[in-house]
>>> print(open('target17.txt').read())   # compact mmCIF, N, CA and C atoms
# COMPACT_ATOMS: atom_id res chain seq x y z
N MET A 1 -28.55 -3.31 -6.22
CA MET A 1 -28.49 -4.73 -5.95
C MET A 1 -29.73 -5.46 -6.49
N LYS A 2 -30.85 -4.78 -6.49
CA LYS A 2 -32.07 -5.40 -7.00
C LYS A 2 -31.91 -5.75 -8.47
N ASN A 3 -31.31 -4.85 -9.25
CA ASN A 3 -31.09 -5.12 -10.67
C ASN A 3 -30.11 -6.27 -10.87
N PHE A 4 -29.10 -6.34 -10.04
CA PHE A 4 -28.13 -7.42 -10.15
C PHE A 4 -28.79 -8.75 -9.82
N GLN A 5 -29.62 -8.78 -8.80
CA GLN A 5 -30.34 -10.00 -8.45
C GLN A 5 -31.25 -10.44 -9.60
N LYS A 6 -31.89 -9.47 -10.27
CA LYS A 6 -32.73 -9.80 -11.42
C LYS A 6 -31.90 -10.44 -12.54
N LEU A 7 -30.69 -9.94 -12.72
CA LEU A 7 -29.80 -10.48 -13.75
C LEU A 7 -29.42 -11.93 -13.41
N LEU A 8 -29.13 -12.20 -12.13
CA LEU A 8 -28.83 -13.56 -11.70
C LEU A 8 -30.03 -14.48 -11.95
N GLU A 9 -31.22 -13.99 -11.64
CA GLU A 9 -32.44 -14.78 -11.86
C GLU A 9 -32.69 -15.01 -13.35
N LEU A 10 -32.38 -14.03 -14.17
CA LEU A 10 -32.53 -14.16 -15.62
C LEU A 10 -31.62 -15.28 -16.15
N ALA A 11 -30.38 -15.30 -15.70
CA ALA A 11 -29.44 -16.35 -16.12
C ALA A 11 -29.95 -17.72 -15.67
N ALA A 12 -30.42 -17.81 -14.44
CA ALA A 12 -30.94 -19.08 -13.94
C ALA A 12 -32.14 -19.54 -14.77
N LYS A 13 -33.02 -18.62 -15.12
CA LYS A 13 -34.19 -18.96 -15.93
C LYS A 13 -33.77 -19.45 -17.31
N LEU A 14 -32.83 -18.76 -17.95
CA LEU A 14 -32.37 -19.18 -19.28
C LEU A 14 -31.76 -20.58 -19.24
N ARG A 15 -31.14 -20.93 -18.14
CA ARG A 15 -30.49 -22.23 -18.01
C ARG A 15 -31.43 -23.32 -17.51
N SER A 16 -32.64 -22.95 -17.11
CA SER A 16 -33.59 -23.90 -16.53
C SER A 16 -34.24 -24.77 -17.61
N PRO A 17 -34.92 -25.83 -17.21
CA PRO A 17 -35.61 -26.69 -18.18
C PRO A 17 -36.65 -25.94 -19.02
N THR A 18 -37.19 -24.85 -18.51
CA THR A 18 -38.17 -24.07 -19.28
C THR A 18 -37.52 -22.86 -19.95
N GLY A 19 -36.20 -22.82 -19.92
CA GLY A 19 -35.47 -21.71 -20.51
C GLY A 19 -35.11 -21.93 -21.97
N CYS A 20 -33.92 -21.52 -22.33
CA CYS A 20 -33.47 -21.54 -23.72
C CYS A 20 -32.54 -22.73 -23.98
N PRO A 21 -32.85 -23.53 -25.00
CA PRO A 21 -31.98 -24.68 -25.30
C PRO A 21 -30.53 -24.29 -25.58
N TRP A 22 -30.32 -23.17 -26.27
CA TRP A 22 -28.95 -22.74 -26.57
C TRP A 22 -28.22 -22.38 -25.28
N ASP A 23 -28.88 -21.64 -24.41
CA ASP A 23 -28.24 -21.25 -23.14
C ASP A 23 -27.96 -22.47 -22.27
N ARG A 24 -28.87 -23.45 -22.25
CA ARG A 24 -28.66 -24.67 -21.47
C ARG A 24 -27.48 -25.48 -21.99
N LYS A 25 -27.22 -25.38 -23.29
CA LYS A 25 -26.13 -26.13 -23.92
C LYS A 25 -24.76 -25.54 -23.57
N GLN A 26 -24.71 -24.29 -23.18
CA GLN A 26 -23.43 -23.63 -22.96
C GLN A 26 -22.68 -24.21 -21.76
N THR A 27 -21.36 -24.14 -21.85
CA THR A 27 -20.46 -24.54 -20.78
C THR A 27 -19.56 -23.35 -20.46
N ILE A 28 -18.85 -23.47 -19.39
CA ILE A 28 -17.89 -22.40 -19.07
C ILE A 28 -16.91 -22.25 -20.23
N ARG A 29 -16.43 -23.34 -20.74
CA ARG A 29 -15.46 -23.29 -21.85
C ARG A 29 -16.08 -22.69 -23.11
N SER A 30 -17.33 -23.06 -23.40
CA SER A 30 -17.96 -22.55 -24.63
C SER A 30 -18.22 -21.05 -24.54
N LEU A 31 -18.36 -20.53 -23.34
CA LEU A 31 -18.58 -19.09 -23.18
C LEU A 31 -17.29 -18.28 -23.22
N ALA A 32 -16.15 -18.94 -23.23
CA ALA A 32 -14.87 -18.23 -23.24
C ALA A 32 -14.73 -17.35 -24.49
N GLU A 33 -15.13 -17.86 -25.65
CA GLU A 33 -15.04 -17.08 -26.88
C GLU A 33 -15.93 -15.84 -26.82
N SER A 34 -17.14 -16.02 -26.32
CA SER A 34 -18.07 -14.90 -26.17
C SER A 34 -17.52 -13.87 -25.19
N LEU A 35 -16.91 -14.35 -24.13
CA LEU A 35 -16.32 -13.46 -23.14
C LEU A 35 -15.21 -12.61 -23.77
N GLU A 36 -14.41 -13.25 -24.60
CA GLU A 36 -13.33 -12.53 -25.28
C GLU A 36 -13.90 -11.50 -26.27
N GLU A 37 -14.91 -11.89 -27.02
CA GLU A 37 -15.53 -10.97 -27.98
C GLU A 37 -16.13 -9.76 -27.27
N GLU A 38 -16.85 -10.02 -26.19
CA GLU A 38 -17.48 -8.91 -25.45
C GLU A 38 -16.42 -8.00 -24.83
N SER A 39 -15.34 -8.59 -24.34
CA SER A 39 -14.24 -7.77 -23.78
C SER A 39 -13.65 -6.87 -24.87
N ASP A 40 -13.46 -7.43 -26.06
CA ASP A 40 -12.95 -6.64 -27.18
C ASP A 40 -13.90 -5.49 -27.54
N GLU A 41 -15.20 -5.77 -27.49
CA GLU A 41 -16.18 -4.72 -27.81
C GLU A 41 -16.20 -3.63 -26.75
N VAL A 42 -15.98 -3.99 -25.50
CA VAL A 42 -15.86 -2.99 -24.43
C VAL A 42 -14.64 -2.11 -24.70
N LEU A 43 -13.51 -2.75 -25.00
CA LEU A 43 -12.29 -1.99 -25.28
C LEU A 43 -12.46 -1.07 -26.49
N SER A 44 -13.12 -1.55 -27.51
CA SER A 44 -13.36 -0.74 -28.71
C SER A 44 -14.20 0.49 -28.37
N ALA A 45 -15.25 0.30 -27.59
CA ALA A 45 -16.11 1.43 -27.21
C ALA A 45 -15.33 2.44 -26.37
N ILE A 46 -14.46 1.96 -25.50
CA ILE A 46 -13.63 2.86 -24.68
C ILE A 46 -12.70 3.66 -25.58
N ARG A 47 -12.02 2.97 -26.48
CA ARG A 47 -11.07 3.64 -27.38
C ARG A 47 -11.74 4.68 -28.26
N LYS A 48 -12.98 4.40 -28.68
CA LYS A 48 -13.73 5.34 -29.52
C LYS A 48 -14.38 6.46 -28.71
N GLY A 49 -14.41 6.32 -27.40
CA GLY A 49 -15.09 7.30 -26.57
C GLY A 49 -16.60 7.24 -26.75
N ASP A 50 -17.12 6.08 -27.11
CA ASP A 50 -18.53 5.88 -27.39
C ASP A 50 -19.24 5.41 -26.11
N ASP A 51 -19.65 6.36 -25.28
CA ASP A 51 -20.23 6.04 -23.98
C ASP A 51 -21.54 5.26 -24.08
N ALA A 52 -22.36 5.58 -25.05
CA ALA A 52 -23.64 4.87 -25.20
C ALA A 52 -23.37 3.40 -25.52
N ASN A 53 -22.45 3.15 -26.42
CA ASN A 53 -22.10 1.77 -26.77
C ASN A 53 -21.37 1.09 -25.62
N LEU A 54 -20.55 1.83 -24.90
CA LEU A 54 -19.82 1.27 -23.76
C LEU A 54 -20.80 0.74 -22.71
N GLU A 55 -21.85 1.50 -22.45
CA GLU A 55 -22.85 1.06 -21.47
C GLU A 55 -23.45 -0.28 -21.89
N GLU A 56 -23.80 -0.39 -23.15
CA GLU A 56 -24.39 -1.63 -23.66
C GLU A 56 -23.38 -2.78 -23.60
N GLU A 57 -22.17 -2.53 -24.04
CA GLU A 57 -21.15 -3.59 -24.08
C GLU A 57 -20.75 -4.04 -22.68
N LEU A 58 -20.71 -3.13 -21.72
CA LEU A 58 -20.44 -3.53 -20.34
C LEU A 58 -21.53 -4.47 -19.83
N GLY A 59 -22.76 -4.20 -20.22
CA GLY A 59 -23.86 -5.09 -19.86
C GLY A 59 -23.68 -6.47 -20.46
N ASP A 60 -23.28 -6.52 -21.73
CA ASP A 60 -23.05 -7.81 -22.39
C ASP A 60 -21.92 -8.58 -21.69
N LEU A 61 -20.85 -7.87 -21.35
CA LEU A 61 -19.73 -8.50 -20.67
C LEU A 61 -20.16 -9.01 -19.29
N LEU A 62 -20.90 -8.19 -18.57
CA LEU A 62 -21.37 -8.59 -17.26
C LEU A 62 -22.27 -9.82 -17.35
N PHE A 63 -23.13 -9.86 -18.36
CA PHE A 63 -24.01 -11.02 -18.48
C PHE A 63 -23.22 -12.29 -18.78
N ASN A 64 -22.16 -12.19 -19.55
CA ASN A 64 -21.29 -13.36 -19.77
C ASN A 64 -20.72 -13.85 -18.45
N ILE A 65 -20.29 -12.94 -17.63
CA ILE A 65 -19.73 -13.30 -16.32
C ILE A 65 -20.81 -13.96 -15.46
N VAL A 66 -22.00 -13.40 -15.48
CA VAL A 66 -23.11 -13.96 -14.71
C VAL A 66 -23.45 -15.37 -15.21
N MET A 67 -23.47 -15.56 -16.51
CA MET A 67 -23.77 -16.90 -17.06
C MET A 67 -22.69 -17.91 -16.66
N ILE A 68 -21.43 -17.51 -16.70
CA ILE A 68 -20.35 -18.41 -16.29
C ILE A 68 -20.51 -18.78 -14.82
N ALA A 69 -20.82 -17.80 -13.98
CA ALA A 69 -21.03 -18.08 -12.56
C ALA A 69 -22.25 -18.98 -12.35
N GLN A 70 -23.29 -18.80 -13.15
CA GLN A 70 -24.48 -19.64 -13.05
C GLN A 70 -24.13 -21.10 -13.36
N ILE A 71 -23.37 -21.30 -14.43
CA ILE A 71 -22.96 -22.65 -14.79
C ILE A 71 -22.09 -23.25 -13.69
N ALA A 72 -21.18 -22.46 -13.17
CA ALA A 72 -20.31 -22.94 -12.08
C ALA A 72 -21.14 -23.33 -10.87
N ALA A 73 -22.17 -22.57 -10.56
CA ALA A 73 -23.04 -22.91 -9.43
C ALA A 73 -23.78 -24.22 -9.69
N GLU A 74 -24.27 -24.39 -10.91
CA GLU A 74 -24.96 -25.63 -11.27
C GLU A 74 -24.04 -26.83 -11.13
N GLU A 75 -22.77 -26.62 -11.44
CA GLU A 75 -21.77 -27.69 -11.36
C GLU A 75 -21.15 -27.80 -9.97
N LYS A 76 -21.68 -27.00 -9.04
CA LYS A 76 -21.23 -26.99 -7.65
C LYS A 76 -19.73 -26.66 -7.51
N LYS A 77 -19.25 -25.78 -8.39
CA LYS A 77 -17.85 -25.33 -8.33
C LYS A 77 -17.72 -24.11 -7.44
N PHE A 78 -18.56 -23.11 -7.66
CA PHE A 78 -18.61 -21.91 -6.84
C PHE A 78 -19.89 -21.16 -7.18
N ARG A 79 -20.19 -20.15 -6.37
CA ARG A 79 -21.40 -19.35 -6.58
C ARG A 79 -20.99 -17.88 -6.78
N MET A 80 -21.89 -17.10 -7.34
CA MET A 80 -21.62 -15.68 -7.53
C MET A 80 -21.33 -15.00 -6.20
N SER A 81 -21.99 -15.42 -5.14
CA SER A 81 -21.73 -14.80 -3.84
C SER A 81 -20.26 -14.96 -3.45
N GLY A 82 -19.66 -16.09 -3.78
CA GLY A 82 -18.24 -16.29 -3.51
C GLY A 82 -17.36 -15.40 -4.37
N VAL A 83 -17.74 -15.24 -5.64
CA VAL A 83 -17.00 -14.34 -6.54
C VAL A 83 -17.01 -12.93 -5.96
N LEU A 84 -18.19 -12.48 -5.55
CA LEU A 84 -18.33 -11.12 -5.01
C LEU A 84 -17.57 -10.95 -3.70
N ARG A 85 -17.65 -11.96 -2.84
CA ARG A 85 -16.96 -11.88 -1.55
C ARG A 85 -15.44 -11.81 -1.77
N LYS A 86 -14.93 -12.65 -2.68
CA LYS A 86 -13.48 -12.67 -2.90
C LYS A 86 -12.97 -11.37 -3.51
N ILE A 87 -13.72 -10.80 -4.46
CA ILE A 87 -13.24 -9.55 -5.05
C ILE A 87 -13.31 -8.41 -4.04
N GLU A 88 -14.34 -8.42 -3.20
CA GLU A 88 -14.43 -7.39 -2.16
C GLU A 88 -13.22 -7.49 -1.22
N GLN A 89 -12.90 -8.70 -0.78
CA GLN A 89 -11.75 -8.89 0.11
C GLN A 89 -10.45 -8.47 -0.56
N LYS A 90 -10.30 -8.81 -1.83
CA LYS A 90 -9.08 -8.47 -2.55
C LYS A 90 -8.92 -6.95 -2.70
N ILE A 91 -10.00 -6.28 -3.09
CA ILE A 91 -9.94 -4.83 -3.28
C ILE A 91 -9.61 -4.13 -1.95
N ILE A 92 -10.25 -4.56 -0.88
CA ILE A 92 -9.99 -3.95 0.43
C ILE A 92 -8.55 -4.20 0.85
N ALA A 93 -8.07 -5.43 0.71
CA ALA A 93 -6.70 -5.75 1.12
C ALA A 93 -5.66 -4.98 0.30
N ARG A 94 -5.90 -4.79 -0.97
CA ARG A 94 -4.93 -4.10 -1.82
C ARG A 94 -4.98 -2.59 -1.67
N HIS A 95 -6.06 -2.06 -1.10
CA HIS A 95 -6.20 -0.62 -0.87
C HIS A 95 -6.08 -0.30 0.61
N SER A 96 -4.96 -0.68 1.20
CA SER A 96 -4.76 -0.51 2.64
C SER A 96 -4.74 0.96 3.07
N TRP A 97 -4.44 1.86 2.17
CA TRP A 97 -4.43 3.28 2.50
C TRP A 97 -5.84 3.86 2.58
N VAL A 98 -6.80 3.15 2.01
CA VAL A 98 -8.21 3.57 2.08
C VAL A 98 -8.91 2.86 3.23
N PHE A 99 -8.66 1.55 3.37
CA PHE A 99 -9.41 0.72 4.31
C PHE A 99 -8.57 0.22 5.49
N GLY A 100 -7.30 0.57 5.53
CA GLY A 100 -6.44 -0.01 6.57
C GLY A 100 -5.51 0.97 7.23
N LYS A 101 -4.33 0.48 7.55
CA LYS A 101 -3.38 1.21 8.38
C LYS A 101 -2.50 2.20 7.63
N ASP A 102 -2.50 2.20 6.33
CA ASP A 102 -1.57 3.01 5.54
C ASP A 102 -2.14 4.35 5.09
N ARG A 103 -3.12 4.87 5.79
CA ARG A 103 -3.84 6.07 5.33
C ARG A 103 -2.94 7.26 5.01
N ARG A 104 -1.91 7.49 5.80
CA ARG A 104 -1.08 8.69 5.60
C ARG A 104 0.03 8.47 4.58
N LYS A 105 0.22 7.26 4.10
CA LYS A 105 1.32 6.94 3.19
C LYS A 105 1.03 7.33 1.75
N VAL A 106 -0.22 7.58 1.39
CA VAL A 106 -0.57 7.81 0.00
C VAL A 106 -1.03 9.26 -0.21
N LYS A 107 -0.27 9.96 -1.03
CA LYS A 107 -0.61 11.35 -1.35
C LYS A 107 -0.90 11.53 -2.84
N THR A 108 -0.32 10.64 -3.67
CA THR A 108 -0.46 10.77 -5.12
C THR A 108 -0.91 9.45 -5.73
N ALA A 109 -1.29 9.51 -6.98
CA ALA A 109 -1.66 8.28 -7.71
C ALA A 109 -0.46 7.34 -7.81
N ASP A 110 0.74 7.89 -7.97
CA ASP A 110 1.94 7.05 -8.03
C ASP A 110 2.16 6.33 -6.70
N ASP A 111 1.95 7.05 -5.57
CA ASP A 111 2.05 6.42 -4.26
C ASP A 111 1.05 5.27 -4.14
N ALA A 112 -0.17 5.51 -4.60
CA ALA A 112 -1.23 4.50 -4.52
C ALA A 112 -0.84 3.27 -5.33
N LEU A 113 -0.36 3.46 -6.53
CA LEU A 113 0.03 2.34 -7.38
C LEU A 113 1.18 1.55 -6.76
N ARG A 114 2.15 2.27 -6.20
CA ARG A 114 3.29 1.60 -5.55
C ARG A 114 2.81 0.73 -4.38
N LEU A 115 1.96 1.29 -3.53
CA LEU A 115 1.48 0.55 -2.37
C LEU A 115 0.54 -0.59 -2.79
N TRP A 116 -0.27 -0.35 -3.82
CA TRP A 116 -1.14 -1.40 -4.34
C TRP A 116 -0.31 -2.60 -4.80
N ARG A 117 0.78 -2.32 -5.52
CA ARG A 117 1.67 -3.39 -6.00
C ARG A 117 2.32 -4.13 -4.83
N GLU A 118 2.77 -3.36 -3.83
CA GLU A 118 3.37 -3.97 -2.65
C GLU A 118 2.37 -4.89 -1.95
N ASN A 119 1.14 -4.41 -1.78
CA ASN A 119 0.11 -5.21 -1.12
C ASN A 119 -0.20 -6.47 -1.92
N LYS A 120 -0.27 -6.32 -3.24
CA LYS A 120 -0.54 -7.48 -4.10
C LYS A 120 0.57 -8.51 -3.95
N ASN A 121 1.81 -8.05 -3.96
CA ASN A 121 2.94 -8.97 -3.82
C ASN A 121 2.95 -9.67 -2.46
N LYS A 122 2.61 -8.93 -1.40
CA LYS A 122 2.56 -9.53 -0.05
C LYS A 122 1.47 -10.61 0.00
N ILE A 123 0.33 -10.32 -0.57
CA ILE A 123 -0.78 -11.27 -0.57
C ILE A 123 -0.41 -12.51 -1.38
N SER A 124 0.21 -12.30 -2.54
CA SER A 124 0.62 -13.44 -3.38
C SER A 124 1.65 -14.30 -2.66
N ALA A 125 2.60 -13.65 -2.01
CA ALA A 125 3.63 -14.39 -1.26
C ALA A 125 3.01 -15.18 -0.12
N ALA A 126 2.03 -14.60 0.55
CA ALA A 126 1.36 -15.30 1.66
C ALA A 126 0.59 -16.51 1.14
N LYS A 127 -0.05 -16.40 -0.03
CA LYS A 127 -0.77 -17.54 -0.62
C LYS A 127 0.19 -18.66 -0.96
N ILE A 128 1.31 -18.33 -1.57
CA ILE A 128 2.32 -19.33 -1.93
C ILE A 128 2.83 -20.02 -0.68
N SER A 129 3.08 -19.25 0.36
CA SER A 129 3.58 -19.80 1.61
C SER A 129 2.57 -20.78 2.22
N ARG A 130 1.28 -20.44 2.18
CA ARG A 130 0.24 -21.34 2.72
C ARG A 130 0.18 -22.64 1.93
N VAL A 131 0.30 -22.54 0.62
CA VAL A 131 0.28 -23.74 -0.23
C VAL A 131 1.49 -24.62 0.08
N GLU A 132 2.66 -24.01 0.20
CA GLU A 132 3.87 -24.77 0.50
C GLU A 132 3.77 -25.45 1.86
N LYS A 133 3.24 -24.75 2.86
CA LYS A 133 3.07 -25.34 4.19
C LYS A 133 2.11 -26.52 4.13
N ALA A 134 1.04 -26.38 3.38
CA ALA A 134 0.06 -27.47 3.26
C ALA A 134 0.69 -28.69 2.58
N ARG A 135 1.51 -28.45 1.56
CA ARG A 135 2.19 -29.56 0.87
C ARG A 135 3.14 -30.29 1.82
N LYS A 136 3.93 -29.52 2.57
CA LYS A 136 4.88 -30.12 3.51
C LYS A 136 4.13 -30.94 4.56
N LYS A 137 3.03 -30.40 5.04
CA LYS A 137 2.24 -31.07 6.07
C LYS A 137 1.67 -32.39 5.55
N SER A 138 1.28 -32.41 4.28
CA SER A 138 0.70 -33.63 3.70
C SER A 138 1.77 -34.60 3.19
N GLY A 139 3.04 -34.19 3.23
CA GLY A 139 4.11 -35.05 2.76
C GLY A 139 4.36 -34.96 1.28
N GLU A 140 3.68 -34.04 0.59
CA GLU A 140 3.85 -33.84 -0.85
C GLU A 140 5.14 -33.08 -1.12
N LYS A 141 5.72 -33.28 -2.30
CA LYS A 141 6.93 -32.53 -2.66
C LYS A 141 6.65 -31.55 -3.75
>>> encode(input="target17.txt", output="structure tokens")
Amino acid sequence: MKNFQKLLELAAKLRSPTGCPWDRKQTIRSLAESLEEESDEVLSAIRKGDDANLEEELGDLLFNIVMIAQIAAEEKKFRMSGVLRKIEQKIIARHSWVFGKDRRKVKTADDALRLWRENKNKISAAKISRVEKARKKSGEK
């Protein structure tokens, strides 16, 4: 966690008035191309089995994500802490056989994938239902 915090601080410094003009100029949208390029480089390293390059490319991809979250925080859209909290909640909810009541239901990887998909679908349906209820309550169609 200490290294991750340093990475967050590095992004904040680059975006600060005493940081880098190029980094300060970036927007979430402008970083989309870089995010795609870095994702492609990660995939390439995986396909080649190039672990040394994969380590480097994962870092590049992670830093793109950190920079996007930094910009979002500056724009008061969301913070990295929210990103981390939401992914933690999602992973736990979708892995009910590890963290919940379905422990005895999963014996194989196929069982895990089936239950993961079921959990994902239940969560998606619940989100849609909440949105529909909110619309009805507000009088929206």
>>> atom_distance(input="target17.txt", atom1="atom C of Arg117 (chain A)", atom2="atom N of Ser39 (chain A)")
26.7 Å
>>> residues_near_point(input="target17.txt", point="(-21.0, -4.6, -28.0)", cutoff="6 Å", atoms="all atoms listed in the file", output="NGL selection string")
:A and (41-42 or 56-57)
>>> atom_distance(input="target17.txt", atom1="CA of Arg24 (chain A)", atom2="CA of Phe78 (chain A)")
18.0 Å
>>> closest_residue(input="target17.txt", among="A:Ala72, A:Leu115, A:Val66, A:Val83", to="Leu8 (chain A)", atoms="all atoms listed in the file")
A:Val66
>>> atom_distance(input="target17.txt", atom1="CA of Met67 (chain A)", atom2="CA of Glu36 (chain A)")
14.0 Å
>>> closest_residue(input="target17.txt", among="A:Ser34, A:Ser44, A:Asn119, A:Thr18", to="Ile65 (chain A)", atoms="only C-alpha atoms")
A:Ser34
>>> residues_around(input="target17.txt", residues="Ile68 (chain A)", least_positions_apart="5", cutoff="7 Å", atoms="all atoms listed in the file", output="number ranges by chain")
A: 27-28, 63, 73
>>> build_atoms(input="target17.txt", residues="region 95-104 of chain A", atoms="all heavy atoms", output="tab-separated table (two decimals), in the frame of the given file")
chain	number	residue	atom	x	y	z
A	95	HIS	N	-6.06	-2.06	-1.10
A	95	HIS	CA	-6.20	-0.62	-0.87
A	95	HIS	C	-6.08	-0.30	0.61
A	95	HIS	O	-6.96	0.31	1.21
A	95	HIS	CB	-7.54	-0.11	-1.42
A	95	HIS	CG	-7.61	-0.10	-2.90
A	95	HIS	ND1	-7.92	-1.22	-3.64
A	95	HIS	CD2	-7.39	0.90	-3.79
A	95	HIS	CE1	-7.90	-0.91	-4.93
A	95	HIS	NE2	-7.57	0.36	-5.05
A	96	SER	N	-4.96	-0.68	1.20
A	96	SER	CA	-4.76	-0.51	2.64
A	96	SER	C	-4.74	0.96	3.07
A	96	SER	O	-5.05	1.27	4.21
A	96	SER	CB	-3.48	-1.21	3.08
A	96	SER	OG	-2.36	-0.66	2.39
A	97	TRP	N	-4.44	1.86	2.17
A	97	TRP	CA	-4.43	3.28	2.50
A	97	TRP	C	-5.84	3.86	2.58
A	97	TRP	O	-6.06	4.91	3.14
A	97	TRP	CB	-3.59	4.09	1.50
A	97	TRP	CG	-4.09	4.01	0.10
A	97	TRP	CD1	-4.90	4.92	-0.52
A	97	TRP	CD2	-3.84	2.99	-0.85
A	97	TRP	NE1	-5.17	4.52	-1.81
A	97	TRP	CE2	-4.53	3.32	-2.04
A	97	TRP	CE3	-3.11	1.80	-0.84
A	97	TRP	CZ2	-4.49	2.53	-3.19
A	97	TRP	CZ3	-3.08	1.03	-1.97
A	97	TRP	CH2	-3.77	1.40	-3.12
A	98	VAL	N	-6.80	3.15	2.01
A	98	VAL	CA	-8.21	3.57	2.08
A	98	VAL	C	-8.91	2.86	3.23
A	98	VAL	O	-9.67	3.47	3.99
A	98	VAL	CB	-8.95	3.30	0.75
A	98	VAL	CG1	-10.42	3.66	0.86
A	98	VAL	CG2	-8.29	4.04	-0.41
A	99	PHE	N	-8.66	1.55	3.37
A	99	PHE	CA	-9.41	0.72	4.31
A	99	PHE	C	-8.57	0.22	5.49
A	99	PHE	O	-9.09	-0.50	6.33
A	99	PHE	CB	-9.99	-0.50	3.58
A	99	PHE	CG	-10.88	-0.12	2.43
A	99	PHE	CD1	-10.43	-0.28	1.13
A	99	PHE	CD2	-12.15	0.39	2.65
A	99	PHE	CE1	-11.25	0.05	0.06
A	99	PHE	CE2	-12.96	0.74	1.58
A	99	PHE	CZ	-12.51	0.56	0.28
A	100	GLY	N	-7.30	0.57	5.53
A	100	GLY	CA	-6.44	-0.01	6.57
A	100	GLY	C	-5.51	0.97	7.23
A	100	GLY	O	-5.83	2.15	7.37
A	101	LYS	N	-4.33	0.48	7.55
A	101	LYS	CA	-3.38	1.21	8.38
A	101	LYS	C	-2.50	2.20	7.63
A	101	LYS	O	-1.79	2.97	8.25
A	101	LYS	CB	-2.52	0.21	9.13
A	101	LYS	CG	-1.65	-0.65	8.23
A	101	LYS	CD	-0.90	-1.68	9.00
A	101	LYS	CE	-0.01	-2.54	8.19
A	101	LYS	NZ	-0.41	-3.01	6.90
A	102	ASP	N	-2.50	2.20	6.33
A	102	ASP	CA	-1.57	3.01	5.54
A	102	ASP	C	-2.14	4.35	5.09
A	102	ASP	O	-1.67	4.91	4.11
A	102	ASP	CB	-1.12	2.22	4.30
A	102	ASP	CG	-0.39	0.95	4.67
A	102	ASP	OD1	0.42	0.99	5.60
A	102	ASP	OD2	-0.65	-0.07	4.01
A	103	ARG	N	-3.12	4.87	5.79
A	103	ARG	CA	-3.84	6.07	5.33
A	103	ARG	C	-2.94	7.26	5.01
A	103	ARG	O	-3.17	7.97	4.07
A	103	ARG	CB	-4.91	6.47	6.33
A	103	ARG	CG	-6.07	5.52	6.35
A	103	ARG	CD	-7.14	5.99	7.31
A	103	ARG	NE	-8.17	4.98	7.36
A	103	ARG	CZ	-9.35	5.10	6.80
A	103	ARG	NH1	-9.67	6.20	6.17
A	103	ARG	NH2	-10.24	4.14	6.88
A	104	ARG	N	-1.91	7.49	5.80
A	104	ARG	CA	-1.08	8.69	5.60
A	104	ARG	C	0.03	8.47	4.58
A	104	ARG	O	0.73	9.40	4.22
A	104	ARG	CB	-0.48	9.11	6.93
A	104	ARG	CG	-1.53	9.63	7.89
A	104	ARG	CD	-0.93	10.16	9.18
A	104	ARG	NE	-1.96	10.12	10.18
A	104	ARG	CZ	-2.01	9.25	11.17
A	104	ARG	NH1	-1.05	8.37	11.34
A	104	ARG	NH2	-3.00	9.26	12.03
